[in-house]
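Dropping data10.txt in here (compact mmCIF, C-alpha atoms):
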```
# COMPACT_ATOMS: atom_id res chain seq x y z
CA MET A 1 -8.10 -143.54 52.02
CA ARG A 2 -9.30 -141.61 55.05
CA ARG A 3 -12.04 -139.05 54.31
CA TYR A 4 -11.33 -137.09 57.45
CA LYS A 5 -7.99 -136.02 58.85
CA SER A 6 -8.96 -136.99 62.39
CA VAL A 7 -11.76 -138.71 64.28
CA SER A 8 -12.45 -135.55 66.25
CA GLY A 9 -12.64 -133.56 63.00
CA ARG A 10 -15.20 -135.99 61.63
CA GLU A 11 -17.28 -135.59 64.77
CA LEU A 12 -17.20 -131.81 64.49
CA ILE A 13 -18.28 -131.94 60.83
CA TYR A 14 -21.14 -134.37 61.52
CA HIS A 15 -22.39 -132.41 64.52
CA SER A 16 -22.32 -129.20 62.49
CA TYR A 17 -24.06 -131.00 59.61
CA GLU A 18 -26.98 -131.82 61.90
CA LYS A 19 -27.11 -128.22 63.14
CA LEU A 20 -27.37 -126.98 59.55
CA LEU A 21 -30.19 -129.43 58.81
CA GLU A 22 -32.10 -128.04 61.77
CA ASP A 23 -31.78 -124.61 60.16
CA TRP A 24 -33.43 -125.84 56.95
CA SER A 25 -36.75 -124.83 58.56
CA VAL A 26 -38.63 -127.62 56.76
CA ASP A 27 -39.58 -131.17 57.62
CA TYR A 28 -36.97 -133.54 56.23
CA VAL A 29 -36.13 -137.23 56.24
CA GLU A 30 -32.61 -138.65 56.34
CA ARG A 31 -32.02 -142.07 54.86
CA ASP A 32 -29.14 -144.26 53.71
CA ILE A 33 -29.33 -146.15 50.43
CA MET A 34 -27.01 -149.07 49.76
CA THR A 35 -25.25 -149.00 46.39
CA SER A 36 -22.43 -150.97 44.79
CA TYR A 37 -20.00 -148.35 46.10
CA GLY A 38 -21.19 -148.07 49.66
CA SER A 39 -23.94 -146.33 51.57
CA THR A 40 -25.29 -143.07 50.11
CA HIS A 41 -26.87 -140.58 52.50
CA VAL A 42 -29.91 -138.74 51.15
CA VAL A 43 -32.01 -135.98 52.70
CA THR A 44 -35.52 -135.57 51.29
CA ALA A 45 -38.07 -132.80 51.80
CA GLY A 46 -41.43 -131.90 50.34
CA ALA A 47 -44.45 -133.98 49.38
CA MET A 48 -43.71 -137.20 47.53
CA GLU A 49 -46.55 -136.32 45.14
CA ASN A 50 -44.53 -133.34 43.88
CA PRO A 51 -42.21 -133.65 40.86
CA PRO A 52 -38.90 -135.17 42.02
CA LEU A 53 -35.87 -132.86 42.03
CA LEU A 54 -32.38 -134.26 42.54
CA LEU A 55 -29.92 -131.75 44.07
CA LEU A 56 -26.18 -132.32 43.61
CA HIS A 57 -23.55 -130.38 45.56
CA GLY A 58 -19.97 -129.47 44.68
CA THR A 59 -16.62 -131.04 45.51
CA ALA A 60 -15.92 -131.23 49.26
CA ASP A 61 -19.40 -129.87 50.05
CA ASN A 62 -22.46 -131.73 51.30
CA ALA A 63 -26.25 -131.56 51.13
CA ALA A 64 -26.80 -129.90 54.51
CA MET A 65 -24.73 -126.78 53.80
CA MET A 66 -25.25 -126.54 50.04
CA TRP A 67 -29.05 -126.17 50.03
CA ILE A 68 -29.68 -124.42 53.34
CA TYR A 69 -30.98 -121.24 51.62
CA ASN A 70 -32.90 -123.03 48.84
CA VAL A 71 -34.68 -126.03 50.30
CA GLN A 72 -37.59 -124.21 51.92
CA ARG A 73 -38.95 -122.75 48.69
CA LEU A 74 -37.97 -125.65 46.45
CA SER A 75 -39.65 -128.20 48.72
CA GLU A 76 -42.93 -126.33 48.31
CA ARG A 77 -42.96 -127.26 44.60
CA PHE A 78 -40.80 -130.40 44.40
CA PHE A 79 -40.01 -133.61 46.20
CA VAL A 80 -36.44 -132.60 46.96
CA ILE A 81 -33.74 -135.29 46.98
CA ALA A 82 -30.47 -133.83 48.29
CA VAL A 83 -27.65 -136.34 47.97
CA ASP A 84 -24.34 -136.47 49.83
CA ALA A 85 -21.84 -137.42 47.12
CA ILE A 86 -20.17 -140.69 48.00
CA GLY A 87 -16.55 -140.00 48.95
CA GLY A 88 -17.50 -136.43 49.90
CA SER A 89 -17.77 -134.60 53.20
CA GLY A 90 -21.32 -135.65 54.01
CA LYS A 91 -22.61 -138.84 55.58
CA SER A 92 -22.27 -141.20 52.62
CA GLU A 93 -19.85 -144.03 53.40
CA PRO A 94 -17.81 -145.48 50.49
CA ASN A 95 -16.68 -149.10 50.40
CA ILE A 96 -13.60 -150.58 48.74
CA ASP A 97 -15.31 -150.79 45.33
CA TYR A 98 -15.70 -147.00 45.29
CA TYR A 99 -11.91 -146.68 45.21
CA VAL A 100 -11.49 -149.45 42.63
CA LYS A 101 -14.25 -149.13 40.01
CA PHE A 102 -16.51 -146.16 40.73
CA ASP A 103 -19.07 -145.38 38.01
CA GLN A 104 -21.02 -142.14 38.51
CA THR A 105 -23.93 -143.21 36.32
CA VAL A 106 -24.40 -146.58 38.01
CA TRP A 107 -24.16 -144.93 41.42
CA LEU A 108 -26.96 -142.44 40.66
CA ASP A 109 -29.01 -145.20 39.02
CA GLU A 110 -28.86 -147.20 42.23
CA VAL A 111 -29.65 -144.21 44.44
CA LEU A 112 -32.76 -143.37 42.41
CA ASP A 113 -33.81 -147.02 42.19
CA GLY A 114 -33.53 -147.17 45.98
CA LEU A 115 -36.02 -144.30 46.15
CA SER A 116 -38.26 -145.79 43.42
CA ILE A 117 -37.72 -142.68 41.26
CA GLU A 118 -38.14 -143.35 37.53
CA TRP A 119 -37.80 -139.81 36.13
CA LEU A 120 -36.81 -136.47 37.60
CA TYR A 121 -35.39 -132.97 37.30
CA VAL A 122 -31.76 -132.36 38.29
CA ALA A 123 -29.96 -129.26 39.59
CA GLY A 124 -26.31 -129.08 40.59
CA VAL A 125 -23.66 -126.60 41.67
CA SER A 126 -20.00 -126.66 40.55
CA TYR A 127 -19.03 -130.36 40.37
CA GLY A 128 -22.73 -131.04 40.87
CA ALA A 129 -23.38 -129.07 37.66
CA TYR A 130 -21.04 -131.41 35.79
CA LEU A 131 -22.72 -134.45 37.35
CA ALA A 132 -26.13 -133.10 36.33
CA TYR A 133 -25.27 -132.85 32.64
CA HIS A 134 -23.26 -136.08 32.80
CA TYR A 135 -26.31 -137.96 34.04
CA ALA A 136 -28.61 -136.23 31.56
CA ILE A 137 -26.36 -137.36 28.70
CA MET A 138 -26.02 -140.90 29.99
CA ARG A 139 -29.67 -141.34 30.99
CA PRO A 140 -31.72 -139.16 28.61
CA ASP A 141 -34.96 -141.07 29.24
CA ARG A 142 -34.70 -140.59 32.99
CA VAL A 143 -33.81 -136.89 33.16
CA ILE A 144 -36.44 -134.36 32.07
CA LYS A 145 -34.47 -131.12 32.48
CA ILE A 146 -31.32 -129.93 34.22
CA ILE A 147 -30.02 -126.68 35.68
CA CYS A 148 -26.25 -126.36 36.03
CA MET A 149 -25.02 -123.63 38.40
CA ALA A 150 -21.46 -122.34 38.69
CA GLY A 151 -20.20 -124.78 36.09
CA GLY A 152 -19.85 -125.00 32.31
CA ILE A 153 -18.89 -127.78 29.92
CA ALA A 154 -15.56 -129.31 30.95
CA ALA A 155 -12.90 -129.36 28.23
CA SER A 156 -10.21 -131.14 30.25
CA GLN A 157 -9.38 -132.28 33.75
CA ALA A 158 -6.27 -130.08 33.67
CA GLU A 159 -8.25 -126.92 32.94
CA VAL A 160 -10.64 -127.57 35.81
CA MET A 161 -7.83 -128.39 38.25
CA GLY A 162 -5.87 -125.32 37.21
CA LYS A 163 -8.81 -123.04 37.92
CA MET A 164 -9.48 -124.72 41.28
CA MET A 165 -5.88 -124.39 42.40
CA LYS A 166 -5.86 -120.70 41.51
CA ALA A 167 -9.10 -120.18 43.44
CA PHE A 168 -8.38 -122.21 46.56
CA LEU A 169 -4.68 -121.55 47.10
CA PRO A 170 -3.04 -120.50 49.30
CA GLU A 171 -5.96 -120.30 51.76
CA ALA A 172 -6.74 -124.03 51.65
CA LEU A 173 -3.14 -124.89 52.57
CA PHE A 174 -3.33 -123.02 55.87
CA PRO A 175 -6.83 -123.64 57.23
CA SER A 176 -7.92 -121.21 59.90
CA GLU A 177 -11.05 -119.24 60.57
CA GLY A 178 -9.38 -116.23 58.99
CA SER A 179 -8.26 -118.06 55.83
CA CYS A 180 -11.73 -119.58 55.52
CA LYS A 181 -13.26 -116.12 55.55
CA ARG A 182 -10.74 -114.86 52.96
CA LEU A 183 -11.42 -117.86 50.72
CA LEU A 184 -15.18 -117.37 50.83
CA ARG A 185 -14.79 -113.68 50.01
CA LYS A 186 -12.55 -114.60 47.07
CA LEU A 187 -15.02 -117.16 45.74
CA SER A 188 -18.12 -115.00 46.29
CA GLY A 189 -19.53 -111.84 44.80
CA PRO A 190 -20.54 -108.82 46.90
CA ASN A 191 -23.13 -110.79 48.87
CA TYR A 192 -20.57 -112.80 50.85
CA LYS A 193 -22.29 -111.75 54.08
CA VAL A 194 -24.81 -114.56 53.59
CA PHE A 195 -21.97 -116.71 54.95
CA GLU A 196 -20.43 -114.39 57.49
CA SER A 197 -23.80 -113.62 59.09
CA ASN A 198 -24.50 -117.33 59.61
CA THR A 199 -22.28 -118.53 62.46
CA GLU A 200 -23.02 -122.23 62.00
CA LEU A 201 -22.46 -122.11 58.24
CA MET A 202 -19.11 -120.37 58.67
CA LYS A 203 -18.12 -122.91 61.33
CA HIS A 204 -19.00 -125.75 58.98
CA TRP A 205 -16.96 -124.27 56.12
CA TYR A 206 -13.99 -123.98 58.46
CA TYR A 207 -14.35 -127.58 59.64
CA LEU A 208 -14.45 -128.81 56.04
CA LEU A 209 -11.37 -126.81 55.12
CA LYS A 210 -9.46 -128.06 58.16
CA TYR A 211 -10.58 -131.67 58.56
CA PHE A 212 -11.92 -133.05 55.26
CA ASN A 213 -9.53 -134.83 52.88
CA ASN A 214 -10.41 -133.57 49.39
CA LYS A 215 -8.50 -136.45 47.79
CA SER A 216 -11.25 -138.84 48.85
CA MET A 217 -13.36 -137.48 45.97
CA VAL A 218 -10.68 -138.24 43.39
CA GLN A 219 -12.77 -141.10 41.98
CA HIS A 220 -15.30 -138.55 40.71
CA LYS A 221 -13.44 -138.09 37.44
CA LEU A 222 -14.63 -135.88 34.59
CA THR A 223 -15.82 -137.35 31.30
CA ILE A 224 -15.11 -135.13 28.30
CA PHE A 225 -18.14 -135.52 26.04
CA ASN A 226 -18.13 -135.07 22.28
CA ASP A 227 -20.20 -132.53 20.33
CA GLU A 228 -23.00 -134.97 19.57
CA GLN A 229 -23.37 -135.95 23.22
CA ILE A 230 -23.43 -132.34 24.38
CA SER A 231 -25.97 -131.39 21.72
CA SER A 232 -28.30 -134.04 23.14
CA ILE A 233 -28.95 -131.87 26.23
CA ARG A 234 -29.44 -128.60 24.35
CA ASP A 235 -33.22 -128.55 24.74
CA LYS A 236 -33.31 -129.71 28.36
CA SER A 237 -30.52 -127.69 30.02
CA ARG A 238 -29.93 -124.21 31.44
CA PHE A 239 -26.62 -122.93 32.82
CA LEU A 240 -26.51 -120.22 35.50
CA ILE A 241 -23.14 -118.55 36.06
CA GLY A 242 -22.25 -115.72 38.40
CA ASP A 243 -20.71 -112.67 36.79
CA GLN A 244 -17.95 -112.76 39.43
CA ASP A 245 -17.36 -116.53 39.39
CA MET A 246 -13.64 -116.95 38.78
CA LEU A 247 -14.10 -120.71 38.30
CA SER A 248 -16.83 -120.60 35.64
CA ASN A 249 -17.08 -117.15 34.08
CA TYR A 250 -14.07 -116.90 31.78
CA PRO A 251 -13.88 -116.59 27.96
CA LYS A 252 -13.16 -120.22 27.04
CA SER A 253 -15.98 -121.50 29.26
CA ILE A 254 -18.57 -119.09 27.87
CA GLN A 255 -17.41 -119.72 24.31
CA ARG A 256 -18.02 -123.45 24.77
CA LEU A 257 -21.57 -122.83 25.95
CA GLU A 258 -22.21 -120.58 22.95
CA SER A 259 -20.56 -122.87 20.41
CA HIS A 260 -22.84 -125.71 21.52
CA GLY A 261 -25.91 -123.47 21.45
CA LEU A 262 -26.59 -124.07 25.14
CA ASN A 263 -29.05 -121.99 27.12
CA TYR A 264 -27.21 -119.91 29.72
CA ARG A 265 -27.54 -116.79 31.84
CA ILE A 266 -24.93 -114.68 33.58
CA VAL A 267 -26.32 -113.77 37.02
CA ARG A 268 -25.27 -110.37 38.33
CA HIS A 269 -23.62 -109.90 41.71
CA ALA A 270 -22.87 -113.61 42.15
CA GLY A 271 -19.71 -115.65 42.48
CA HIS A 272 -19.12 -119.39 42.69
CA ALA A 273 -21.54 -119.82 45.62
CA ILE A 274 -24.32 -118.58 43.38
CA ASN A 275 -27.21 -120.42 45.05
CA HIS A 276 -26.24 -119.05 48.45
CA GLU A 277 -25.54 -115.52 47.28
CA GLN A 278 -28.64 -115.14 45.12
CA ALA A 279 -30.92 -117.75 46.67
CA GLU A 280 -34.26 -116.15 45.78
CA GLU A 281 -33.21 -115.53 42.19
CA ILE A 282 -31.88 -119.05 41.77
CA ASP A 283 -34.97 -120.65 43.31
CA SER A 284 -37.14 -118.71 40.86
CA GLU A 285 -34.99 -119.81 37.92
CA ILE A 286 -35.21 -123.46 38.94
CA ILE A 287 -38.98 -123.38 39.43
CA LYS A 288 -39.66 -121.47 36.22
CA PHE A 289 -37.40 -123.55 33.99
CA PHE A 290 -38.59 -126.89 35.35
CA ILE A 291 -42.32 -126.47 35.94
CA GLY A 292 -43.30 -122.88 35.10
CA PRO A 293 -44.52 -119.97 37.26
```
Take the structure in the file and give it back as structure tokens.
Amino acid sequence: MRRYKSVSGRELIYHSYEKLLEDWSVDYVERDIMTSYGSTHVVTAGAMENPPLLLLHGTADNAAMMWIYNVQRLSERFFVIAVDAIGGSGKSEPNIDYYVKFDQTVWLDEVLDGLSIEWLYVAGVSYGAYLAYHYAIMRPDRVIKIICMAGGIAASQAEVMGKMMKAFLPEALFPSEGSCKRLLRKLSGPNYKVFESNTELMKHWYYLLKYFNNKSMVQHKLTIFNDEQISSIRDKSRFLIGDQDMLSNYPKSIQRLESHGLNYRIVRHAGHAINHEQAEEIDSEIIKFFIGP
């Protein structure tokens, strides 16, 4: 399956990716780690002596654009490990086994082994929020704490897909600079100008909408965990959800968090792009919950 709809589209996305990395305003290192499912692209920042923090982006996103407003402050306190999800729109390159027998846990195991990371903190947005609690459940001895942004506990694949279709359609069907702007405004809270004021970020969003094939991430399936498994992360997790997030802030989602006794906070004036819209607030939450003031 082709990840990009054209060779020229891939080139535009990769060139824009590099431009966004330059705007991180921190020293960073790009590296590729071989796994059973192909090459995984990782961008690291911060001193290696700092506590390791794994950052996981959402579906169809990538590390360069997802953490552009967070990496500077986080890398002062952590050794940041921003991963391009294999099969996603970043620079990770899946092999045939990714499409045949992909295992999310094994994949992350191999990425962290490749970096010689034995334990760590994990933060994720949207699908990355799911992957954060998935890995914490599957590898409790490896994950100290997690923060899940713009994502709750999944009850079914159908529920998640239904919400995504409602959010992304019809704009995603007719990609243009105008539809990209409308989609971002629909997904965001009142602070959507953090996108519109950043020309390169808006360009990148448009390229992803127009040229990336979302179906290439279909192997990242959701696991529906039972009550006992979910309870195992109660003391090590915190969920941050925007009050205007149409994908995560709805009654059934909040009820599930409460029924499992999970630690959560509704963040005011934020939508699904919570870490972009309220970057300073989110950075503070991550630092405080993981390592204190």
Using all atoms listed in the file, find the one residue out of A:Ala150, A:Leu183, A:Val42, A:Ala155 that sits nearest to Glu196 (chain A).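 Nearest to Glu196 (chain A): A:Leu183.
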I'd like the contact shell of Arg2 (chain A) - 9 Å cut-off, all atoms listed in the file, skipping same-chain residues fewer than 4 positions apart - returned as a ChimeraX atom specification. /A:6,212-213,215-216
Find, counting all atoms listed in the file, the residue in A:Arg31, A:His276, A:His134, A:His269 that gets nearest to Pro190 (chain A).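 Looking at the shortest contact to Pro190 (chain A), the residue is A:His269.
Going from CA of Trp24 (chain A) to CA of Ile86 (chain A) covers 21.8 Å.
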Between CA of Leu56 (chain A) and CA of Ile81 (chain A), measure the distance and give it in Å to one decimal. 8.8 Å
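The coordinates place CA of Glu285 (chain A) at 15.9 Å from CA of Leu262 (chain A).
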Starting from the point (-21.1, -136.9, 33.2), work out which residues of protein, DNA or RNA have an atom no more than 10 Å away when counting all atoms listed in the file; state them as a PyMOL selection string. chain A and resi 103-105+127-139+153-154+220-225
Can you tell me which residues surround Tyr14 (chain A) at a distance of at most 9 Å, considering only C-alpha atoms, apart from same-chain residues fewer than 5 positions away, and format the answer as number ranges by chain? A: 9, 19, 89-91
From the list A:Asn50, A:Thr199, A:Thr40, A:Ser253, which residue is nearest Glu159 (chain A) when using only C-alpha atoms?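 Among the listed residues, the smallest separation from Glu159 (chain A) belongs to A:Ser253.
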Neighbours of His15 (chain A) within 12 Å (only C-alpha atoms; same-chain residues fewer than 2 positions away dropped), as an NGL selection string? :A and (8-13 or 17-22 or 64 or 90-91 or 200 or 203-204 or 207)
So which one's closest to Lys186 (chain A), A:Met65, A:Ala273, A:Ile147, A:Ala85? Using all atoms listed in the file, please. A:Ala273
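Proximity to Met34 (chain A) was assessed for A:Trp67, A:Pro51, A:Thr59, A:Leu112 counting only C-alpha atoms; the smallest distance is recorded for A:Leu112.
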Taking all atoms listed in the file into account, name the residue in A:Ile96, A:Leu201, A:Val125, A:Leu247 that is nearest to Phe168 (chain A).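 For Phe168 (chain A), the nearest of the given residues is A:Leu247.
Only residues having an atom at most 10 Å from (-27.3, -110.9, 42.6) are included; using only C-alpha atoms, these are Gly189, Pro190, Asn191, Gly242, Asp243, Val267, Arg268, His269, Ala270, Gly271, Ile274, Asn275, Glu277, Gln278, Ala279, Glu280, Glu281 and Ile282 of chain A.
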Find the residues around Ser36 (chain A) up to 10 Å (only C-alpha atoms counted), leave out those fewer than 3 positions away in its own chain, and share them as number ranges by chain. A: 39-40, 94-98, 101-103, 106-107, 110-111
Quick one: everything within 8 Å of Leu54 (chain A), counting all atoms listed in the file, minus sequence neighbours fewer than 6 positions away in the same chain. Send it as a list in words.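 Surrounding residues, per the criterion: Val80, Ile81, Ala82, Val83, Leu120, Tyr121, Val122 and Ala123 of chain A.
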